[in-house]
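Structure below is target-v6.cif: mmCIF, C-alpha atoms (C1' of nucleotides).
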```
data_target
loop_
_atom_site.label_atom_id
_atom_site.label_comp_id
_atom_site.auth_asym_id
_atom_site.auth_seq_id
_atom_site.Cartn_x
_atom_site.Cartn_y
_atom_site.Cartn_z
CA MET A 248 6.38 -5.65 -12.21
CA ARG A 249 6.30 -5.29 -15.97
CA LEU A 250 3.27 -3.31 -17.18
CA ALA A 251 2.29 -2.78 -20.82
CA THR A 252 -0.46 -1.14 -22.85
CA TRP A 253 -1.55 -1.99 -26.38
CA ASN A 254 -4.35 -0.92 -28.70
CA VAL A 255 -4.84 -4.28 -30.43
CA ASN A 256 -7.55 -3.31 -32.96
CA SER A 257 -9.63 -6.48 -32.37
CA ILE A 258 -8.61 -9.10 -29.83
CA ARG A 259 -10.31 -11.90 -31.74
CA THR A 260 -8.17 -11.28 -34.81
CA ARG A 261 -4.95 -10.88 -32.85
CA VAL A 262 -5.22 -13.18 -29.83
CA GLY A 263 -2.25 -15.28 -30.99
CA ARG A 264 -0.02 -12.25 -31.37
CA VAL A 265 -1.05 -10.91 -27.96
CA VAL A 266 -0.38 -14.18 -26.09
CA ASP A 267 2.94 -14.54 -27.92
CA PHE A 268 3.85 -11.00 -26.86
CA LEU A 269 2.98 -11.71 -23.21
CA GLU A 270 5.15 -14.81 -23.12
CA ARG A 271 8.04 -13.32 -25.08
CA SER A 272 8.14 -10.04 -23.17
CA GLY A 273 7.51 -11.37 -19.67
CA THR A 274 4.72 -8.83 -19.18
CA ASP A 275 2.81 -9.25 -15.91
CA VAL A 276 -0.03 -6.82 -16.60
CA LEU A 277 -1.28 -5.77 -20.04
CA ALA A 278 -3.91 -3.11 -20.63
CA LEU A 279 -5.72 -3.56 -23.94
CA GLN A 280 -7.76 -1.11 -25.97
CA GLU A 281 -10.01 -1.59 -29.00
CA THR A 282 -10.82 -5.21 -28.28
CA LYS A 283 -13.82 -4.67 -30.57
CA CYS A 284 -16.04 -7.29 -28.96
CA ARG A 285 -18.61 -7.93 -26.24
CA ASP A 286 -17.56 -9.64 -23.02
CA ASP A 287 -19.05 -12.95 -24.18
CA GLN A 288 -16.94 -12.82 -27.37
CA PHE A 289 -13.57 -12.27 -25.68
CA PRO A 290 -11.19 -15.22 -26.26
CA GLU A 291 -10.36 -15.73 -22.57
CA GLU A 292 -9.30 -19.36 -22.90
CA ALA A 293 -6.08 -18.54 -24.72
CA PHE A 294 -5.06 -16.23 -21.87
CA HIS A 295 -6.02 -18.69 -19.16
CA ALA A 296 -3.93 -21.36 -20.87
CA ALA A 297 -0.96 -18.99 -20.73
CA GLY A 298 -1.54 -18.31 -17.02
CA TYR A 299 -3.27 -14.93 -17.27
CA ASP A 300 -6.60 -13.72 -15.95
CA VAL A 301 -8.76 -11.31 -17.97
CA VAL A 302 -11.10 -8.52 -16.95
CA HIS A 303 -12.84 -7.01 -19.96
CA HIS A 304 -15.46 -4.38 -20.70
CA GLY A 305 -16.94 -4.45 -24.18
CA LEU A 306 -20.44 -3.56 -25.33
CA SER A 307 -20.33 -3.96 -29.12
CA GLN A 308 -17.93 -4.09 -32.07
CA TRP A 309 -16.66 -0.64 -31.07
CA ASN A 310 -14.10 0.28 -28.41
CA GLY A 311 -13.59 -2.33 -25.64
CA VAL A 312 -10.94 -2.26 -22.91
CA ALA A 313 -9.32 -4.98 -20.82
CA VAL A 314 -6.70 -5.72 -18.19
CA VAL A 315 -4.85 -9.02 -18.56
CA SER A 316 -2.72 -10.12 -15.62
CA ARG A 317 -0.77 -13.08 -14.28
CA LEU A 318 -0.89 -11.46 -10.82
CA PRO A 319 -4.11 -11.25 -8.77
CA VAL A 320 -6.56 -8.54 -9.87
CA SER A 321 -8.98 -6.72 -7.55
CA ASP A 322 -11.32 -3.72 -7.38
CA VAL A 323 -12.44 -3.81 -11.01
CA GLU A 324 -14.27 -0.62 -12.02
CA VAL A 325 -16.10 -0.01 -15.31
CA GLY A 326 -15.74 3.60 -16.43
CA PHE A 327 -14.52 6.45 -14.26
CA PRO A 328 -16.85 8.60 -12.13
CA GLY A 329 -18.41 11.33 -14.25
CA MET A 330 -17.35 9.79 -17.57
CA PRO A 331 -19.17 11.58 -20.41
CA THR A 332 -21.60 9.73 -22.65
CA TRP A 333 -21.98 9.62 -26.42
CA GLY A 334 -24.69 9.00 -29.00
CA GLU A 335 -28.45 9.05 -29.17
CA PRO A 336 -29.68 7.90 -26.78
CA ALA A 337 -26.69 9.03 -24.76
CA ALA A 338 -24.77 6.08 -23.33
CA ALA A 339 -21.43 5.36 -21.68
CA GLU A 340 -18.98 3.74 -24.08
CA ALA A 341 -16.52 0.94 -23.26
CA ARG A 342 -13.47 3.19 -22.99
CA ALA A 343 -12.22 2.91 -19.39
CA LEU A 344 -11.56 0.00 -17.06
CA GLY A 345 -9.82 0.22 -13.70
CA ALA A 346 -8.18 -2.66 -11.84
CA THR A 347 -5.69 -3.00 -9.00
CA VAL A 348 -2.71 -5.33 -9.40
CA ASP A 349 -0.02 -5.71 -6.74
CA GLY A 350 -1.08 -2.41 -5.19
CA VAL A 351 -0.94 -0.50 -8.49
CA ARG A 352 -4.16 1.06 -9.75
CA VAL A 353 -4.19 0.52 -13.53
CA TRP A 354 -6.65 2.29 -15.83
CA SER A 355 -6.93 0.97 -19.38
CA LEU A 356 -8.10 3.99 -21.38
CA TYR A 357 -9.27 4.47 -24.94
CA VAL A 358 -9.69 8.22 -25.41
CA PRO A 359 -12.23 9.22 -28.08
CA ASN A 360 -10.64 9.91 -31.47
CA GLY A 361 -12.24 13.31 -32.09
CA ARG A 362 -12.51 12.73 -35.86
CA GLU A 363 -12.35 16.38 -37.06
CA LEU A 364 -12.05 19.69 -35.23
CA ASP A 365 -15.61 20.66 -36.22
CA ASN A 366 -17.12 17.26 -35.43
CA PRO A 367 -19.18 16.81 -32.24
CA HIS A 368 -16.87 13.90 -31.44
CA TYR A 369 -14.06 16.41 -30.90
CA GLN A 370 -15.94 18.17 -28.09
CA TYR A 371 -16.80 14.74 -26.68
CA LYS A 372 -13.05 13.99 -26.63
CA LEU A 373 -12.30 17.21 -24.75
CA ASP A 374 -15.15 16.61 -22.29
CA TRP A 375 -14.01 13.04 -21.75
CA LEU A 376 -10.46 14.20 -20.96
CA ALA A 377 -11.76 16.93 -18.63
CA GLY A 378 -13.87 14.36 -16.81
CA LEU A 379 -10.88 12.06 -16.48
CA ARG A 380 -8.82 14.90 -15.05
CA THR A 381 -11.48 15.61 -12.41
CA ALA A 382 -11.70 11.93 -11.48
CA ALA A 383 -7.92 11.53 -11.36
CA GLU A 384 -7.58 14.60 -9.16
CA GLY A 385 -10.02 12.98 -6.78
CA TRP A 386 -7.99 9.77 -6.62
CA LEU A 387 -4.86 11.69 -5.68
CA ALA A 388 -6.77 13.87 -3.22
CA ALA A 389 -7.91 10.69 -1.47
CA ASP A 390 -4.36 9.29 -1.35
CA ALA A 391 -1.44 11.40 -2.54
CA ASP A 392 0.86 8.36 -2.34
CA ALA A 393 -1.29 6.06 -4.47
CA PRO A 394 0.55 4.40 -7.37
CA ILE A 395 -1.79 5.03 -10.30
CA ALA A 396 -1.08 4.30 -13.97
CA LEU A 397 -3.31 5.90 -16.61
CA VAL A 398 -2.40 3.89 -19.69
CA GLY A 399 -3.73 3.51 -23.16
CA ASP A 400 -4.46 5.12 -26.49
CA TRP A 401 -4.79 8.83 -25.79
CA ASN A 402 -5.26 9.84 -29.42
CA ILE A 403 -3.09 12.89 -28.69
CA ALA A 404 0.49 13.57 -29.71
CA PRO A 405 1.71 15.73 -26.79
CA ARG A 406 4.46 17.51 -28.74
CA ASP A 407 5.28 18.31 -32.35
CA GLU A 408 8.17 15.83 -32.16
CA ASP A 409 5.60 13.08 -31.47
CA VAL A 410 4.46 13.08 -35.11
CA TRP A 411 6.59 12.56 -38.21
CA ASP A 412 5.69 15.89 -39.79
CA ILE A 413 3.71 18.47 -37.87
CA ALA A 414 2.93 20.32 -41.11
CA ALA A 415 0.93 17.31 -42.26
CA PHE A 416 -1.35 17.79 -39.24
CA ALA A 417 -2.38 21.39 -39.85
CA GLY A 418 -6.02 21.70 -38.86
CA ALA A 419 -6.19 18.08 -37.72
CA THR A 420 -7.08 16.40 -34.45
CA HIS A 421 -4.46 14.74 -32.20
CA VAL A 422 -2.21 17.82 -32.18
CA SER A 423 -4.60 20.73 -31.57
CA PRO A 424 -3.88 23.12 -28.68
CA ALA A 425 -7.12 22.23 -26.90
CA GLU A 426 -6.31 18.51 -26.93
CA ARG A 427 -2.79 19.13 -25.71
CA GLU A 428 -4.11 21.42 -22.97
CA ALA A 429 -6.56 18.73 -21.89
CA LEU A 430 -3.63 16.33 -21.57
CA ALA A 431 -1.48 18.93 -19.83
CA ALA A 432 -4.27 19.37 -17.27
CA LEU A 433 -3.61 15.80 -16.16
CA THR A 434 0.07 16.64 -15.82
CA GLU A 435 -0.91 19.63 -13.68
CA ALA A 436 -2.99 17.26 -11.56
CA GLY A 437 0.21 15.28 -10.87
CA PHE A 438 0.29 12.63 -13.61
CA SER A 439 3.47 12.64 -15.67
CA ASP A 440 4.41 10.95 -18.94
CA VAL A 441 6.76 8.25 -17.63
CA THR A 442 7.89 6.71 -20.92
CA ARG A 443 9.06 9.70 -22.97
CA GLU A 444 12.61 9.89 -21.59
CA HIS A 445 13.10 6.16 -22.16
CA THR A 446 11.81 6.08 -25.74
CA PRO A 447 13.22 9.16 -27.52
CA GLY A 448 11.90 9.64 -31.04
CA ALA A 449 9.88 6.43 -31.00
CA TYR A 450 6.33 6.18 -32.31
CA THR A 451 3.56 3.87 -31.10
CA TYR A 452 1.15 4.07 -34.06
CA TRP A 453 1.42 4.03 -37.85
CA ASP A 454 -1.67 4.26 -40.05
CA TYR A 455 -2.37 1.18 -42.18
CA GLN A 456 -2.68 3.42 -45.25
CA ARG A 457 -0.09 5.11 -47.45
CA LEU A 458 2.93 3.03 -46.42
CA ARG A 459 3.11 4.89 -43.12
CA PHE A 460 5.06 2.14 -41.35
CA PRO A 461 7.71 1.45 -44.03
CA ARG A 462 8.27 5.19 -44.19
CA ASN A 463 8.25 5.48 -40.38
CA GLU A 464 5.53 8.10 -40.61
CA GLY A 465 4.07 7.46 -37.19
CA MET A 466 2.74 9.09 -34.08
CA ARG A 467 3.39 8.73 -30.36
CA ILE A 468 -0.15 8.61 -28.98
CA ASP A 469 -0.05 5.58 -26.65
CA LEU A 470 1.06 6.96 -23.31
CA VAL A 471 1.59 5.93 -19.71
CA LEU A 472 0.78 8.70 -17.25
CA GLY A 473 1.87 7.97 -13.70
CA SER A 474 1.00 9.46 -10.34
CA PRO A 475 4.03 10.65 -8.32
CA ALA A 476 4.30 7.32 -6.47
CA LEU A 477 4.01 5.40 -9.73
CA ALA A 478 6.51 7.59 -11.56
CA ALA A 479 9.04 7.12 -8.75
CA ARG A 480 8.99 3.37 -9.37
CA VAL A 481 9.63 3.46 -13.13
CA SER A 482 13.01 1.87 -13.85
CA GLY A 483 12.68 1.70 -17.62
CA ALA A 484 10.38 1.65 -20.62
CA HIS A 485 10.40 0.61 -24.25
CA ILE A 486 8.21 0.46 -27.34
CA ASP A 487 7.95 -2.91 -29.10
CA ARG A 488 8.22 -1.57 -32.65
CA ASP A 489 8.64 -5.04 -34.14
CA GLU A 490 4.98 -5.76 -33.32
CA ARG A 491 4.00 -3.48 -36.22
CA LYS A 492 5.78 -5.79 -38.67
CA GLY A 493 4.40 -8.67 -40.70
CA LYS A 494 0.97 -9.89 -41.60
CA GLY A 495 -1.80 -9.36 -39.08
CA ALA A 496 -0.24 -6.49 -37.09
CA SER A 497 -2.29 -3.95 -35.18
CA ASP A 498 -1.69 -0.37 -36.25
CA HIS A 499 -0.44 0.28 -32.68
CA VAL A 500 2.43 -1.44 -30.83
CA PRO A 501 2.89 -2.26 -27.13
CA VAL A 502 4.36 0.32 -24.76
CA VAL A 503 6.14 -1.45 -21.90
CA VAL A 504 7.06 -0.01 -18.48
CA ASP A 505 9.12 -1.63 -15.74
CA LEU A 506 8.24 -0.82 -12.14
CA GLY A 507 10.67 -1.43 -9.31
"C1'" DA B 244 -4.31 11.13 -60.21
"C1'" DT B 245 -7.04 13.89 -54.60
"C1'" DG B 246 -3.84 8.47 -54.28
"C1'" DG B 247 -5.75 3.77 -49.68
"C1'" DT B 248 -5.82 -0.39 -45.24
"C1'" DA B 249 -8.02 -2.94 -41.66
"C1'" DG B 250 -11.88 -4.75 -38.69
"C1'" DT B 251 -16.74 -5.63 -37.88
"C1'" DG B 252 -20.58 -6.96 -39.96
"C1'" DT B 253 -23.23 -5.49 -44.12
"C1'" DT B 254 -23.20 -2.61 -48.47
"C1'" DA B 255 -21.88 1.55 -43.63
"C1'" DC B 256 -19.09 2.92 -39.96
"C1'" DT B 257 -14.90 3.66 -37.33
"C1'" DA B 258 -10.14 4.53 -37.12
#
```
Would you mind writing the file out in structure tokens?
Amino acid sequence: MRLATWNVNSIRTRVGRVVDFLERSGTDVLALQETKCRDDQFPEEAFHAAGYDVVHHGLSQWNGVAVVSRLPVSDVEVGFPGMPTWGEPAAAEARALGATVDGVRVWSLYVPNGRELDNPHYQYKLDWLAGLRTAAEGWLAADADAPIALVGDWNIAPRDEDVWDIAAFAGATHVSPAEREALAALTEAGFSDVTREHTPGAYTYWDYQRLRFPRNEGMRIDLVLGSPALAARVSGAHIDRDERKGKGASDHVPVVVDLG
DNA sequence: ATGGTAGTGTTACTA
């Protein structure tokens, strides 16, 4: 099974690119983040025409997550148990969607950005990651052999080598010790980064501003974390850097994992 | 000189 994750930064703007990617890459299951639309606005027809089903969770022009699959999908779950809320009045955001495909539990995740270290959104990010860790621990406690893939835009660069210049990130989010510890807590719970060894030095995101892509000033923040049973099935992975090229590109590119 | 792009939906907000 070929599994991929992609922060598309609006599915309505990029539906053609996404369907083209599915057909070109032979991806069976694609987790999407930042669809930026409500369920009733999602362009499902283009996916159906290509032979894919869609499960989507979107509440507004912000966030939005989906799982697109040409294999049968079951056990769809909106948000993870204990997922923190945001805003006034406090409400759950459209940042997590679980679905089972061919026995693999896939979670499409859009981790809060954090904005700045002194912004309340930063604490929300840390709380959200802590909640995810607790939920994920529970899934493995229920079944230690479950193949679980936690995929998406984590908005964290796990190591200094995952950004083009760590000095440029002094005092910034995405690289702070607390964020990295929150991610490491998931590793301690049994979920490992299954793409790193297959994609050395490759980035998954380049800001639209300041010629970041032509200069290859990017970040590796789109990650696939696998449970032990999932990690044991990974036969390869790659990052589709070409998807950042040309007019109408998302600022993120697909991360693709092959499961045996 | 404090540098600017993209999307949604509206003159702001998010990333």
Practice problem: For each of A:Leu373, A:Val266, A:Leu344, A:Val255, take the minimum atom-to-atom distance to chain B, counting only C-alpha atoms (C1' of nucleotides), then give the residue where this is smallest. | Solution: A:Val255
Quiz item: Quick one: which residues end up in the PyMOL selection byres ((chain A and resi 425) around 12) for this structure, as a PyMOL selection string?
Solution: chain A and resi 361+364+369-370+372-374+376-377+403-405+419-424+426-432
Quiz prompt | Long-range neighbours of Thr282 in chain A as an MDAnalysis selection string, 7 Å cut-off, all atoms listed in the file, 3 positions minimum in chain | solution = chainID A and resid 255:258 279 310:312
Any chance you could tabulate, as a Markdown table, the residues of chain B at most 8 Å from chain A with each one's nearest atom pair and distance in Å to one decimal, using only C-alpha atoms (C1' of nucleotides), in chain and rising number order?
```
| residue | atom | partner | partner_atom | distance |
| --- | --- | --- | --- | --- |
| B:DG247 | C1' | A:Gln456 | CA | 5.4 |
| B:DT248 | C1' | A:Tyr455 | CA | 4.9 |
| B:DA249 | C1' | A:Tyr455 | CA | 7.0 |
| B:DG250 | C1' | A:Ser257 | CA | 6.9 |
| B:DT251 | C1' | A:Gln308 | CA | 6.1 |
| B:DT257 | C1' | A:Trp309 | CA | 7.8 |
| B:DA258 | C1' | A:Asn360 | CA | 7.8 |
```
Quiz item: Expressed in Å to a single decimal, how great is the separation between CA of Ala382 in chain A and CA of Gly473 in chain A?
Solution: 14.3 Å
Quiz prompt | Atomic distance CA of Tyr357 in chain A - CA of Asp469 in chain A, expressed in Å with one decimal | solution =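 Between CA of Tyr357 in chain A and CA of Asp469 in chain A the gap works out to 9.4 Å.
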Quiz item: What is the CA of Gln280 in chain A-CA of Arg467 in chain A distance in Å, reported with one decimal?
Solution: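 Going from CA of Gln280 in chain A over to CA of Arg467 in chain A, I get 15.5 Å.
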Practice problem: Please provide the set of residues having any atom within 7 Å of range 294-301 of chain A, restricted to all atoms listed in the file, with same-chain residues fewer than 6 positions apart removed, written as an NGL selection string. | Solution: :A and (266 or 313-317)
How would the residues just chosen look if you wrote them out with C-alpha atoms as a PDB file, keeping the file's coordinate frame?
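Result file follows (out-v2.pdb):
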```
ATOM      1  CA  VAL A 266      -0.380 -14.180 -26.090  1.00  0.00           C
ATOM      2  CA  ALA A 313      -9.320  -4.980 -20.820  1.00  0.00           C
ATOM      3  CA  VAL A 314      -6.700  -5.720 -18.190  1.00  0.00           C
ATOM      4  CA  VAL A 315      -4.850  -9.020 -18.560  1.00  0.00           C
ATOM      5  CA  SER A 316      -2.720 -10.120 -15.620  1.00  0.00           C
ATOM      6  CA  ARG A 317      -0.770 -13.080 -14.280  1.00  0.00           C
TER       7      ARG A 317
END
```
Quiz item: So which residues get picked by the PyMOL selection byres ((chain A and resi 385-395) around 12) here, written as a PyMOL selection string?
Solution: chain A and resi 250+327-329+345-355+378-384+396-398+433+435-439+441+471-481+506-507
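Take the candidates A:Arg406, A:Arg271, A:His303, A:His368 and check each one against Thr332 in chain A using only C-alpha atoms; the shortest distance goes to A:His368.
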Quiz item: Written as a list in words, what is the full residue list that the PyMOL selection byres ((chain A and resi 408) around 12) yields on the file shown?
Solution: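 With the shown file as input, the PyMOL selection byres ((chain A and resi 408) around 12) matches Ala404, Pro405, Arg406, Asp407, Asp409, Val410, Trp411, Asp412, Ile413, Ala414, Val422, Arg443, Pro447, Gly448, Ala449, Tyr450, Glu464, Gly465, Met466, Arg467 and Ile468 of chain A.
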